[in-house]
Structures are given as C-alpha cells and as structure tokens.
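This is target.txt (compact mmCIF, C-alpha atoms and all ligand atoms).
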# COMPACT_ATOMS: atom_id res chain seq x y z
CA MET A 1009 -84.67 -124.93 -92.87
CA LEU A 1010 -85.06 -126.86 -96.07
CA GLU A 1011 -87.52 -129.70 -96.03
CA ASP A 1012 -85.96 -133.15 -96.37
CA HIS A 1013 -87.38 -133.87 -99.79
CA PHE A 1014 -85.91 -130.68 -101.34
CA GLN A 1015 -83.24 -131.65 -103.84
CA VAL A 1016 -80.50 -129.03 -103.54
CA ILE A 1017 -78.27 -130.53 -106.21
CA ASP A 1018 -81.16 -130.77 -108.62
CA PHE A 1019 -82.17 -127.19 -107.89
CA ASN A 1020 -78.62 -125.96 -108.51
CA LYS A 1021 -78.35 -127.84 -111.76
CA LYS A 1022 -81.59 -126.39 -113.11
CA LEU A 1023 -80.71 -122.91 -111.93
CA LYS A 1024 -77.30 -123.02 -113.61
CA PHE A 1025 -78.83 -124.35 -116.81
CA TRP A 1026 -81.39 -121.53 -116.79
CA TYR A 1027 -78.59 -119.01 -116.16
CA LEU A 1028 -76.39 -120.25 -118.97
CA GLN A 1029 -79.30 -119.93 -121.38
CA ASN A 1030 -80.75 -116.63 -120.23
CA HIS A 1031 -78.24 -114.36 -118.53
CA ARG A 1032 -77.22 -110.98 -119.81
CA PRO A 1033 -73.51 -110.69 -120.66
CA LEU A 1034 -72.97 -107.79 -118.23
CA LEU A 1035 -69.48 -106.32 -118.24
CA TRP A 1036 -68.70 -107.04 -114.59
CA ARG A 1037 -69.53 -110.68 -115.12
CA GLN A 1038 -66.57 -110.97 -117.46
CA THR A 1039 -63.92 -110.25 -114.86
CA SER A 1040 -62.67 -111.72 -111.61
CA ASP A 1041 -60.91 -108.48 -110.64
CA PRO A 1042 -62.27 -107.67 -107.15
CA TYR A 1043 -61.83 -103.94 -107.78
CA LYS A 1044 -64.08 -103.97 -110.83
CA ILE A 1045 -66.60 -106.25 -109.16
CA TRP A 1046 -66.66 -103.96 -106.15
CA LEU A 1047 -67.18 -100.90 -108.42
CA SER A 1048 -70.08 -102.60 -110.15
CA GLU A 1049 -71.75 -103.66 -106.91
CA ILE A 1050 -71.51 -100.18 -105.37
CA ILE A 1051 -72.87 -98.60 -108.55
CA LEU A 1052 -75.71 -101.14 -108.71
CA GLN A 1053 -76.85 -100.55 -105.12
CA GLN A 1054 -80.24 -98.84 -105.60
CA THR A 1055 -79.55 -98.44 -109.32
CA ARG A 1056 -80.83 -100.41 -112.29
CA VAL A 1057 -78.43 -102.20 -114.62
CA ALA A 1058 -79.38 -100.02 -117.61
CA GLN A 1059 -78.69 -96.83 -115.68
CA GLY A 1060 -75.57 -98.13 -113.91
CA THR A 1061 -73.73 -99.64 -116.89
CA PRO A 1062 -72.50 -96.35 -118.47
CA TYR A 1063 -71.24 -95.25 -115.05
CA TYR A 1064 -69.38 -98.52 -114.60
CA GLU A 1065 -67.75 -97.99 -118.01
CA LYS A 1066 -66.75 -94.42 -117.14
CA PHE A 1067 -65.25 -95.41 -113.80
CA VAL A 1068 -63.26 -98.32 -115.25
CA LEU A 1069 -61.95 -96.03 -117.99
CA ASP A 1070 -60.96 -93.11 -115.74
CA TYR A 1071 -59.87 -95.21 -112.77
CA PRO A 1072 -58.74 -98.62 -114.07
CA THR A 1073 -57.29 -99.72 -110.72
CA VAL A 1074 -57.95 -99.09 -107.06
CA PHE A 1075 -54.71 -97.05 -107.02
CA ASP A 1076 -56.12 -94.65 -109.63
CA LEU A 1077 -59.35 -94.20 -107.68
CA ALA A 1078 -57.46 -93.68 -104.42
CA ALA A 1079 -55.29 -91.01 -106.04
CA ALA A 1080 -58.28 -89.08 -107.42
CA ASP A 1081 -59.77 -85.92 -105.94
CA GLU A 1082 -63.09 -86.52 -104.21
CA LYS A 1083 -64.52 -83.70 -106.31
CA ASP A 1084 -63.71 -85.53 -109.56
CA VAL A 1085 -65.14 -88.80 -108.24
CA LEU A 1086 -68.38 -87.03 -107.31
CA ARG A 1087 -68.48 -85.35 -110.72
CA LEU A 1088 -68.20 -88.71 -112.46
CA TRP A 1089 -70.92 -90.07 -110.17
CA GLN A 1090 -73.20 -87.13 -110.94
CA GLY A 1091 -76.74 -88.29 -111.73
CA LEU A 1092 -76.61 -91.60 -109.86
CA GLY A 1093 -77.86 -90.19 -106.55
CA TYR A 1094 -77.12 -91.49 -103.06
CA TYR A 1095 -73.79 -89.67 -103.19
CA SER A 1096 -72.56 -91.18 -99.92
CA ARG A 1097 -71.92 -94.32 -101.99
CA ALA A 1098 -69.33 -92.41 -104.03
CA ARG A 1099 -67.76 -90.77 -101.00
CA ASN A 1100 -67.52 -94.10 -99.15
CA MET A 1101 -66.14 -95.81 -102.24
CA HIS A 1102 -63.41 -93.22 -102.53
CA PHE A 1103 -62.63 -93.51 -98.81
CA THR A 1104 -62.45 -97.30 -99.07
CA ALA A 1105 -60.19 -97.17 -102.14
CA ARG A 1106 -57.72 -95.11 -100.11
CA GLN A 1107 -57.96 -97.53 -97.20
CA ILE A 1108 -57.30 -100.51 -99.46
CA VAL A 1109 -54.24 -98.79 -100.92
CA ASN A 1110 -52.88 -97.48 -97.63
CA GLU A 1111 -53.63 -100.39 -95.32
CA PHE A 1112 -53.72 -103.40 -97.65
CA ASN A 1113 -51.21 -102.44 -100.35
CA GLY A 1114 -54.01 -102.27 -102.87
CA GLU A 1115 -55.14 -105.88 -102.33
CA PHE A 1116 -58.80 -106.48 -101.54
CA PRO A 1117 -59.43 -108.65 -98.46
CA ALA A 1118 -60.39 -112.07 -99.78
CA SER A 1119 -63.20 -113.10 -97.41
CA ALA A 1120 -66.72 -111.81 -96.87
CA VAL A 1121 -66.08 -111.29 -93.15
CA GLN A 1122 -63.10 -109.03 -93.86
CA LEU A 1123 -64.81 -107.25 -96.75
CA ALA A 1124 -67.86 -106.42 -94.63
CA LYS A 1125 -65.63 -104.36 -92.34
CA LEU A 1126 -64.95 -101.83 -95.12
CA LYS A 1127 -66.96 -98.63 -95.32
CA GLY A 1128 -69.93 -98.84 -97.66
CA LEU A 1129 -70.00 -102.64 -97.81
CA GLY A 1130 -72.96 -104.45 -96.28
CA ASN A 1131 -73.38 -108.20 -95.98
CA TYR A 1132 -74.75 -108.52 -99.49
CA THR A 1133 -71.94 -106.62 -101.20
CA ALA A 1134 -69.25 -108.38 -99.17
CA ALA A 1135 -70.69 -111.79 -100.05
CA ALA A 1136 -71.07 -110.84 -103.72
CA ILE A 1137 -67.42 -109.79 -104.03
CA ALA A 1138 -66.15 -112.75 -101.99
CA SER A 1139 -67.98 -115.23 -104.18
CA PHE A 1140 -67.51 -113.55 -107.60
CA ALA A 1141 -63.83 -112.67 -107.15
CA PHE A 1142 -62.55 -115.27 -104.68
CA GLY A 1143 -64.97 -118.19 -105.04
CA GLU A 1144 -66.10 -118.19 -101.41
CA ALA A 1145 -69.14 -120.42 -100.95
CA ILE A 1146 -71.36 -117.85 -99.30
CA PRO A 1147 -74.82 -116.68 -100.43
CA ALA A 1148 -75.25 -113.09 -101.64
CA ILE A 1149 -78.83 -112.13 -100.84
CA ASP A 1150 -80.13 -109.00 -102.52
CA GLY A 1151 -83.73 -107.93 -103.12
CA ASN A 1152 -83.98 -110.25 -106.13
CA VAL A 1153 -82.84 -113.25 -104.14
CA TYR A 1154 -85.22 -112.53 -101.26
CA ARG A 1155 -88.08 -112.49 -103.74
CA VAL A 1156 -87.08 -115.77 -105.37
CA MET A 1157 -86.67 -117.54 -102.03
CA ALA A 1158 -89.82 -116.11 -100.44
CA ARG A 1159 -91.94 -117.27 -103.37
CA LEU A 1160 -90.27 -120.61 -103.93
CA PHE A 1161 -90.47 -121.69 -100.28
CA GLY A 1162 -93.53 -119.67 -99.17
CA ILE A 1163 -91.74 -117.63 -96.51
CA PHE A 1164 -93.96 -114.89 -95.10
CA THR A 1165 -91.48 -113.40 -92.64
CA ASP A 1166 -90.78 -109.71 -93.25
CA ILE A 1167 -87.55 -109.57 -95.27
CA LEU A 1168 -86.58 -106.27 -93.64
CA SER A 1169 -86.84 -107.62 -90.09
CA ASN A 1170 -83.87 -109.13 -88.26
CA GLU A 1171 -85.82 -112.35 -87.82
CA GLY A 1172 -86.48 -112.49 -91.56
CA LYS A 1173 -82.87 -111.84 -92.46
CA LYS A 1174 -81.76 -114.70 -90.20
CA GLU A 1175 -84.36 -117.10 -91.56
CA PHE A 1176 -83.49 -116.39 -95.19
CA LEU A 1177 -79.77 -116.63 -94.45
CA VAL A 1178 -80.10 -120.08 -92.87
CA LEU A 1179 -81.95 -121.32 -95.93
CA ALA A 1180 -79.64 -119.57 -98.41
CA LYS A 1181 -76.59 -121.21 -96.83
CA GLN A 1182 -78.12 -124.59 -97.54
CA LEU A 1183 -78.81 -123.71 -101.15
CA VAL A 1184 -75.54 -122.12 -102.23
CA SER A 1185 -73.47 -124.28 -104.55
CA GLN A 1186 -70.20 -125.40 -102.99
CA GLU A 1187 -68.66 -126.11 -106.39
CA ASP A 1188 -69.48 -122.87 -108.16
CA PRO A 1189 -70.81 -120.27 -105.73
CA ALA A 1190 -70.04 -117.39 -108.12
CA THR A 1191 -72.34 -118.70 -110.82
CA TYR A 1192 -74.93 -119.70 -108.23
CA ASN A 1193 -75.12 -116.15 -106.83
CA GLN A 1194 -75.16 -114.47 -110.25
CA ALA A 1195 -77.86 -116.93 -111.29
CA MET A 1196 -80.10 -116.26 -108.29
CA ILE A 1197 -79.79 -112.49 -108.81
CA GLU A 1198 -80.43 -112.83 -112.53
CA PHE A 1199 -83.32 -115.21 -112.02
CA GLY A 1200 -85.00 -112.63 -109.78
CA ALA A 1201 -84.21 -109.81 -112.20
CA LEU A 1202 -85.46 -111.55 -115.35
CA GLN A 1203 -87.81 -114.42 -114.52
CA CYS A 1204 -89.15 -114.15 -110.95
CA VAL A 1205 -89.89 -110.44 -111.39
CA PRO A 1206 -91.86 -108.21 -109.01
CA GLY A 1207 -95.57 -107.97 -109.73
CA ILE A 1208 -96.81 -110.66 -112.09
CA PRO A 1209 -94.10 -113.04 -113.34
CA ASP A 1210 -94.68 -115.39 -116.28
CA CYS A 1211 -94.63 -118.63 -114.33
CA SER A 1212 -95.59 -120.73 -117.32
CA VAL A 1213 -91.96 -120.71 -118.50
CA CYS A 1214 -90.36 -121.03 -115.05
CA PRO A 1215 -88.17 -124.11 -114.53
CA PHE A 1216 -89.29 -124.26 -110.89
CA ASN A 1217 -93.07 -124.06 -111.38
CA ASP A 1218 -93.37 -127.69 -110.27
CA ILE A 1219 -91.92 -126.95 -106.82
CA CYS A 1220 -92.86 -123.28 -106.22
CA TYR A 1221 -95.11 -122.43 -103.28
CA ALA A 1222 -96.23 -119.06 -104.70
CA TYR A 1223 -97.15 -120.59 -108.05
CA GLU A 1224 -99.12 -123.41 -106.46
CA PHE A 1225 -101.12 -121.08 -104.20
CA ASN A 1226 -101.19 -118.05 -106.51
CA MET A 1227 -99.29 -115.92 -104.03
CA GLN A 1228 -96.77 -114.29 -106.38
CA SER A 1229 -98.03 -110.78 -105.68
CA LYS A 1230 -98.07 -111.33 -101.88
CA LEU A 1231 -94.44 -112.41 -101.63
CA PRO A 1232 -91.99 -111.31 -100.42
CA VAL A 1233 -93.45 -109.56 -97.35
CA LYS A 1234 -91.91 -106.16 -96.67
CA ALA A 1235 -93.64 -104.71 -93.63
CA LYS A 1236 -91.86 -101.42 -93.17
CA LYS A 1237 -93.62 -98.62 -94.96
CA LEU A 1238 -91.60 -95.62 -95.93
CA THR A 1239 -92.97 -92.28 -94.88
CA VAL A 1240 -92.19 -89.63 -97.44
CA ARG A 1241 -91.63 -86.07 -96.26
CA ASN A 1242 -92.38 -83.05 -98.42
CA ARG A 1243 -89.68 -80.36 -98.39
CA TYR A 1244 -89.63 -76.98 -100.12
CA PHE A 1245 -86.33 -75.62 -101.41
CA ASN A 1246 -86.02 -72.07 -102.72
CA TYR A 1247 -82.85 -71.65 -104.71
CA PHE A 1248 -81.39 -68.31 -105.71
CA ILE A 1249 -79.07 -68.32 -108.69
CA LEU A 1250 -76.99 -65.14 -108.54
CA GLN A 1251 -75.51 -64.29 -111.92
CA LYS A 1252 -72.90 -61.61 -112.49
CA GLY A 1253 -71.72 -61.45 -116.06
CA GLU A 1254 -71.00 -65.02 -116.99
CA LYS A 1255 -70.42 -66.13 -113.41
CA LEU A 1256 -72.80 -67.82 -110.97
CA ALA A 1257 -72.51 -67.94 -107.18
CA MET A 1258 -72.23 -71.50 -105.92
CA GLN A 1259 -71.35 -73.18 -102.65
CA GLU A 1260 -70.06 -76.56 -101.62
CA ARG A 1261 -72.52 -78.35 -99.35
CA LYS A 1262 -70.90 -79.21 -96.07
CA GLY A 1263 -72.10 -81.06 -93.03
CA LYS A 1264 -74.00 -84.30 -92.77
CA ASP A 1265 -76.17 -84.24 -95.82
CA ILE A 1266 -77.03 -86.40 -98.80
CA TRP A 1267 -75.50 -83.82 -101.12
CA LYS A 1268 -72.32 -83.28 -99.09
CA GLY A 1269 -69.43 -82.34 -101.38
CA LEU A 1270 -71.72 -81.28 -104.22
CA TYR A 1271 -72.14 -77.67 -105.33
CA ASP A 1272 -75.40 -75.78 -105.38
CA PHE A 1273 -76.72 -72.23 -104.97
CA LEU A 1274 -77.87 -70.03 -102.16
CA MET A 1275 -80.86 -71.87 -100.75
CA PHE A 1276 -83.58 -71.34 -98.19
CA GLU A 1277 -85.93 -74.02 -97.12
CA SER A 1278 -89.51 -73.03 -96.32
CA ALA A 1279 -92.40 -74.82 -94.64
CA GLY A 1280 -94.55 -74.60 -97.78
CA LEU A 1281 -94.35 -73.53 -101.39
CA LEU A 1282 -93.43 -69.85 -101.84
CA THR A 1283 -94.71 -68.28 -105.01
CA SER A 1284 -93.83 -64.62 -105.21
CA PRO A 1285 -90.73 -62.47 -104.57
CA GLU A 1286 -92.55 -60.71 -101.71
CA ASP A 1287 -92.56 -64.00 -99.83
CA PHE A 1288 -88.82 -63.46 -99.27
CA TYR A 1289 -88.90 -59.85 -98.08
CA GLU A 1290 -88.47 -60.88 -94.47
CA ASN A 1291 -85.24 -62.60 -95.36
CA GLU A 1292 -82.63 -59.88 -95.12
CA ILE A 1293 -80.03 -61.55 -97.35
CA ILE A 1294 -82.50 -62.22 -100.14
CA HIS A 1295 -84.20 -58.87 -99.82
CA ASN A 1296 -80.86 -57.07 -100.21
CA LEU A 1297 -79.93 -59.19 -103.21
CA MET A 1298 -83.29 -58.47 -104.83
CA LEU A 1299 -82.72 -54.74 -104.36
CA LYS A 1300 -79.36 -54.96 -106.11
CA GLY A 1301 -80.39 -57.11 -109.03
CA ARG A 1302 -83.19 -58.00 -111.36
CA ILE A 1303 -85.13 -61.10 -110.47
CA ARG A 1304 -86.33 -63.60 -112.99
CA GLU A 1305 -88.19 -66.57 -111.72
CA VAL A 1306 -87.70 -69.97 -113.24
CA PRO A 1307 -91.40 -70.56 -112.96
CA LYS A 1308 -91.79 -74.26 -112.64
CA VAL A 1309 -91.58 -76.29 -109.50
CA TYR A 1310 -89.22 -79.20 -109.93
CA LEU A 1311 -90.15 -82.38 -108.12
CA HIS A 1312 -87.20 -84.44 -107.04
CA LEU A 1313 -87.99 -87.78 -105.44
CA LEU A 1314 -85.63 -89.34 -102.96
CA THR A 1315 -86.29 -92.48 -100.95
CA HIS A 1316 -87.74 -90.66 -97.95
CA GLN A 1317 -88.21 -87.18 -99.31
CA ARG A 1318 -90.12 -85.35 -101.98
CA LEU A 1319 -88.27 -82.16 -102.77
CA ASN A 1320 -90.36 -79.32 -104.24
CA VAL A 1321 -87.78 -77.02 -105.71
CA ARG A 1322 -88.12 -73.59 -107.23
CA PHE A 1323 -85.30 -71.52 -108.71
CA TRP A 1324 -85.13 -67.75 -108.70
CA TRP A 1325 -82.51 -66.25 -110.93
CA ILE A 1326 -81.14 -62.86 -109.91
CA ASP A 1327 -79.09 -60.91 -112.47
CA ILE A 1328 -76.68 -58.63 -110.71
CA PRO A 1329 -75.09 -55.80 -112.72
CA GLU A 1330 -71.32 -56.31 -113.18
CA ASN A 1331 -70.34 -53.15 -111.33
CA THR A 1332 -72.48 -53.85 -108.26
CA GLN A 1333 -70.86 -55.06 -105.07
CA VAL A 1334 -72.84 -57.70 -103.17
CA ASP A 1335 -72.19 -59.22 -99.76
CA LEU A 1336 -72.43 -62.95 -100.17
CA PRO A 1337 -72.75 -65.46 -97.32
CA SER A 1338 -69.22 -66.73 -96.73
CA ASP A 1339 -69.55 -70.13 -98.44
CA LEU A 1340 -70.74 -68.67 -101.74
CA HIS A 1341 -68.27 -67.82 -104.48
CA PHE A 1342 -68.65 -66.79 -108.08
CA TYR A 1343 -67.49 -69.44 -110.57
CA ASP A 1344 -67.22 -69.12 -114.32
CA GLN A 1345 -68.96 -71.41 -116.79
CA ASP A 1346 -66.01 -73.77 -117.35
CA GLU A 1347 -65.53 -74.23 -113.62
CA ILE A 1348 -69.23 -74.85 -113.09
CA TYR A 1349 -69.20 -77.49 -115.80
CA THR A 1350 -66.55 -79.46 -113.92
CA LEU A 1351 -67.98 -79.04 -110.41
CA PRO A 1352 -69.99 -81.97 -109.02
CA LYS A 1353 -73.62 -80.91 -108.77
CA PRO A 1354 -76.94 -82.50 -107.77
CA ILE A 1355 -78.53 -83.64 -111.02
CA LEU A 1356 -81.39 -81.21 -110.47
CA VAL A 1357 -78.98 -78.27 -110.52
CA ASP A 1358 -77.36 -79.61 -113.68
CA THR A 1359 -80.79 -79.99 -115.30
CA VAL A 1360 -81.86 -76.43 -114.53
CA LEU A 1361 -78.59 -74.97 -115.83
CA LYS A 1362 -79.04 -76.91 -119.05
CA GLU A 1363 -82.71 -75.99 -119.40
CA GLU A 1364 -81.81 -72.34 -118.94
CA ASN A 1365 -79.12 -72.72 -121.63
CA TYR A 1366 -76.36 -71.88 -119.21
CA LEU A 1367 -74.45 -75.16 -119.54
N1 LIG A 1401 -77.29 -105.97 -109.17
C1 LIG A 1401 -76.35 -105.99 -108.20
N2 LIG A 1401 -75.38 -106.85 -108.50
C2 LIG A 1401 -75.70 -107.36 -109.69
C3 LIG A 1401 -75.08 -108.30 -110.53
N3 LIG A 1401 -73.93 -108.83 -110.18
N4 LIG A 1401 -75.71 -108.59 -111.67
C4 LIG A 1401 -76.87 -108.03 -112.00
N5 LIG A 1401 -77.49 -107.14 -111.27
C5 LIG A 1401 -76.91 -106.81 -110.13
Could I get this structure in the form of structure tokens?
Amino acid sequence: MLEDHFQVIDFNKKLKFWYLQNHRPLLWRQTSDPYKIWLSEIILQQTRVAQGTPYYEKFVLDYPTVFDLAAADEKDVLRLWQGLGYYSRARNMHFTARQIVNEFNGEFPASAVQLAKLKGLGNYTAAAIASFAFGEAIPAIDGNVYRVMARLFGIFTDILSNEGKKEFLVLAKQLVSQEDPATYNQAMIEFGALQCVPGIPDCSVCPFNDICYAYEFNMQSKLPVKAKKLTVRNRYFNYFILQKGEKLAMQERKGKDIWKGLYDFLMFESAGLLTSPEDFYENEIIHNLMLKGRIREVPKVYLHLLTHQRLNVRFWWIDIPENTQVDLPSDLHFYDQDEIYTLPKPILVDTVLKEENYL
C-alpha cells in the first residue's frame, strides 16, 4: 500500500513530463490500432526494441490487418519471425489472429480481462493493449515497471513470486493515472528502459531522486529482488546435412518443441560432444549414410544460448553422389535451394547455410 504522504497526482505529473521530454518515438506508440499494438507487444516479449522494430515493420507491411495474418500460412508467419526466437510466440499469435477473426469478427476484445483469455497473452500484455488501445485504467507491469517500483518504494519481495506479484499489483493500481492510463503505462515502461536502468542508473538526473528509497539507501543494484535462479542445461546436437546435387534433406520439426514448425536436418542428440565420424558408427542410419557419401565436417561447435539451455551444435555435411539411392528417415525430404530459402528455419541453421555459402 502507498504511504499516506505519497502524492500520486504529483508523481503522475512528473512522470508524464519526463516522458514527454525523453521518450523514443517508437512506431507502435503512434497508433491506437489494437492489432498493431498487440503485434508490437508480442514481438517485444523477451526482445529488445532495437531487435524487434524491423520485425514489427515487416509484419505490419506483410499483414496490415488481423484478417491478413489470420489468412496466412503458419509456415510464412514463422519464416517472417525467423531470428526472433521463442517461436511459440509466433505460433500463438497466428492462432489468436484466427480466433479473433472467426469468433470476434476481427474485433479485439476491449478489456484486459477478456484479452487475457486469448492464447499468448499474459496479464502484462492484456493490460498494455487494454490501456494503449482502449484507454482502460489498468497498470501494465513488465520487468521495467517492477524495477522502477521496487527501487522507488523499497520493495524487497521477490518479483517472480505470487506474493510479490500481488503486492506490486496493489501498489500499481493506486499509481495508475485515471485520466491518461495509456501515457502512464508507456511512461513507466520507458522510464525503466531509459532512466531507471538495470545495474547502475544515473540517479543524479532522475526526477524522483528526492523520494526514491533505493537512491537514499544506495540499494539500486539490490533491487528488484528476483529469487528464482535459472538452471542452464548443456545439450549436444549433431546435425547431418545430406546434400545431393543442389538439394539438401530437411525435416519439419513436429511434437512439443521450441522449434516446432521450423525445418532442420537429420539430428542426433548425444550426452557429450562428439568429435570424430567414428563416434557415429554405432548409429546404423548415420553409418549407412557415411558409407554412401563423402563426409565433410563443419568443424566448429556453434553455441546457441536459450533461456534454460545451452546448445552445443556441430554440423556434419555428407555429400551423396547424384546417382546413389539413400533410405531417409520418413520425415526427411530433399528440397532445392529456392525452397530452402523460403522455409522457416532456426536461425542457427540459416547461419550455417550462409556461412557455408549455400544460401
Ligand atoms: N516493451 C514492451 N512493450 C513496450 C512498449 N510499449 N514500449 C517500449 N518497450 C516495450
């Protein structure tokens, strides 16, 4: 709860003033179209503004309305998303576009409670869209906003715990401007992104340094408290790129998987790093393929960092003579270069194909 002496109106005035002077003119701030705001918020989940902006521009260009996105092939949506990671965001976004068209005649639900029922929308995203597009007076609390509030008010409750989420929400509801919640939310996010930054912020120019707990007690680097530590798992992927003439054998990843719907190559996971072709002799499929073709190793080990996983990935390229018949596992098919260019692929696969001058 806010302490009695805290001046909410004063705080809002100063925050808005700071925002008007300092904010970046980001594209999605220049529209009240819920579709575009939703696109931007999904793209910006786990993605920085600089990286997300070109993707936002591409999506708005190719799919200017929710009807266009709903009518698209999932494959094309994933291809446009390629490189952003967390591909379930794109799949859910496509699913939700179809739901909005089919069940709501293309109109976005206009309240945070209704929006939060859609696939891929959490409380933050629902509140952001409801306030930016429909002016609902509800706080949108992302990582930036947690940091600002934790420091300003000296809240040491873990922001990832249920207790923490409740405590911050109670306080945020008291702070949100009733007159202009859209600007208030953009301003809090922007203030966290530009002024009250992680690590060591420059508090000498902060408009709230006269009322900030963290500044007074030099606790900026201790707040917010995030107790959960991520454990990162090492995984070892051995990819085999089978090339026949100009064609490469690729497969669509199926099943519950972060790369579902994307295309990659024949792959075997191992418990540790495998370094020589002999390491695969016990694998009948690979051994047979090696007998039929000429193996060239792409020697380096690519490290690909995901939130909970560190992928150690090695590629083995096997050239198979044109006239040789090979038995491929059923999901693998040979695709030509033009097809491979248009298929959605994990960015790592795209990188290797470019480095090897294939794409
Ligand atoms: N990150 C997520 N939403 C954002 C927004 N509306 N502005 C800036 N960064 C954001």
Hey, which residues come within 8 Å of ligand LIG 1401 (chain A) if we count only C-alpha atoms and all ligand atoms? Could you give them as a list of chain:residue names?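 So the residues close to ligand LIG 1401 (chain A) are A:Leu1034, A:Trp1036, A:Arg1037, A:Ile1045, A:Ser1048, A:Glu1049, A:Leu1052, A:Gln1053, A:Thr1055, A:Arg1056, A:Val1057, A:Ala1136, A:Asp1150, A:Gln1194, A:Ile1197, A:Glu1198, A:Ala1201.
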Per-residue nearest contacts of segment 1173-1275 of chain A to segment 1280-1304 of chain A (8 Å; only C-alpha atoms) as a tab-separated table:
residue	atom	partner	partner_atom	distance
A:Arg1243	CA	A:Gly1280	CA	7.6
A:Tyr1244	CA	A:Gly1280	CA	5.9
A:Asn1246	CA	A:Leu1282	CA	7.8
Writing out the chosen residues with C-alpha atoms as a PDB file, in the coordinates of the input:
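Contents of out17.pdb, as written:
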ATOM      1  CA  ARG A1243     -89.680 -80.360 -98.390  1.00  0.00           C
ATOM      2  CA  TYR A1244     -89.630 -76.980-100.120  1.00  0.00           C
ATOM      3  CA  ASN A1246     -86.020 -72.070-102.720  1.00  0.00           C
TER       4      ASN A1246
END
Thr1359 of chain A proximity check over A:His1312, A:Ala1195, A:Gln1015, A:Ile1050, using all atoms listed in the file: winner is A:His1312
Just the number, please: distance in Å from atom CA of Asn1226 of chain A to atom CA of Thr1165 of chain A, one decimal.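 So the two atoms, atom CA of Asn1226 of chain A and atom CA of Thr1165 of chain A, lie 17.6 Å apart.
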Determine the nearest neighbour of Thr1239 of chain A from the options A:Ala1105, A:Val1309, A:Thr1315, A:Tyr1154, counting all atoms listed in the file.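 Answer, going by the shortest atom-to-atom distance: A:Thr1315.
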Using all atoms listed in the file, what residues lie at most 10 Å away from (-73.9, -118.8, -112.6) (file coordinates), given as number ranges by chain? A: 1020, 1023-1028, 1031, 1037, 1140, 1185, 1188-1198
From the options A:Ile1108, A:Met1157, A:Val1357, A:Ile1146, which residue's atoms come nearest to Ala1120 of chain A, counting only C-alpha atoms?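 Smallest separation from Ala1120 of chain A among the options: A:Ile1146.
Of the residues under consideration (A:Leu1274, A:Leu1256, A:Ala1279, A:Val1184), A:Leu1256 shows the shortest atom-to-atom contact distance to Glu1347 of chain A when counting only C-alpha atoms.
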Please report the interatomic distance between atom CA of Leu1179 of chain A and atom CA of Ser1229 of chain A in Å with one decimal.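 One can read the atom CA of Leu1179 of chain A to atom CA of Ser1229 of chain A distance as 21.6 Å.
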List the spatial neighbours of Ala1080 of chain A as a PyMOL selection string - criterion: any atom at most 12 Å away, all atoms listed in the file, same-chain residues fewer than 5 positions off excluded. chain A and resi 1067+1070-1075+1085-1088+1099+1101-1103+1105-1106
Separation of atom CA of Ser1119 of chain A from atom CA of Lys1022 of chain A in Å: 27.6 Å
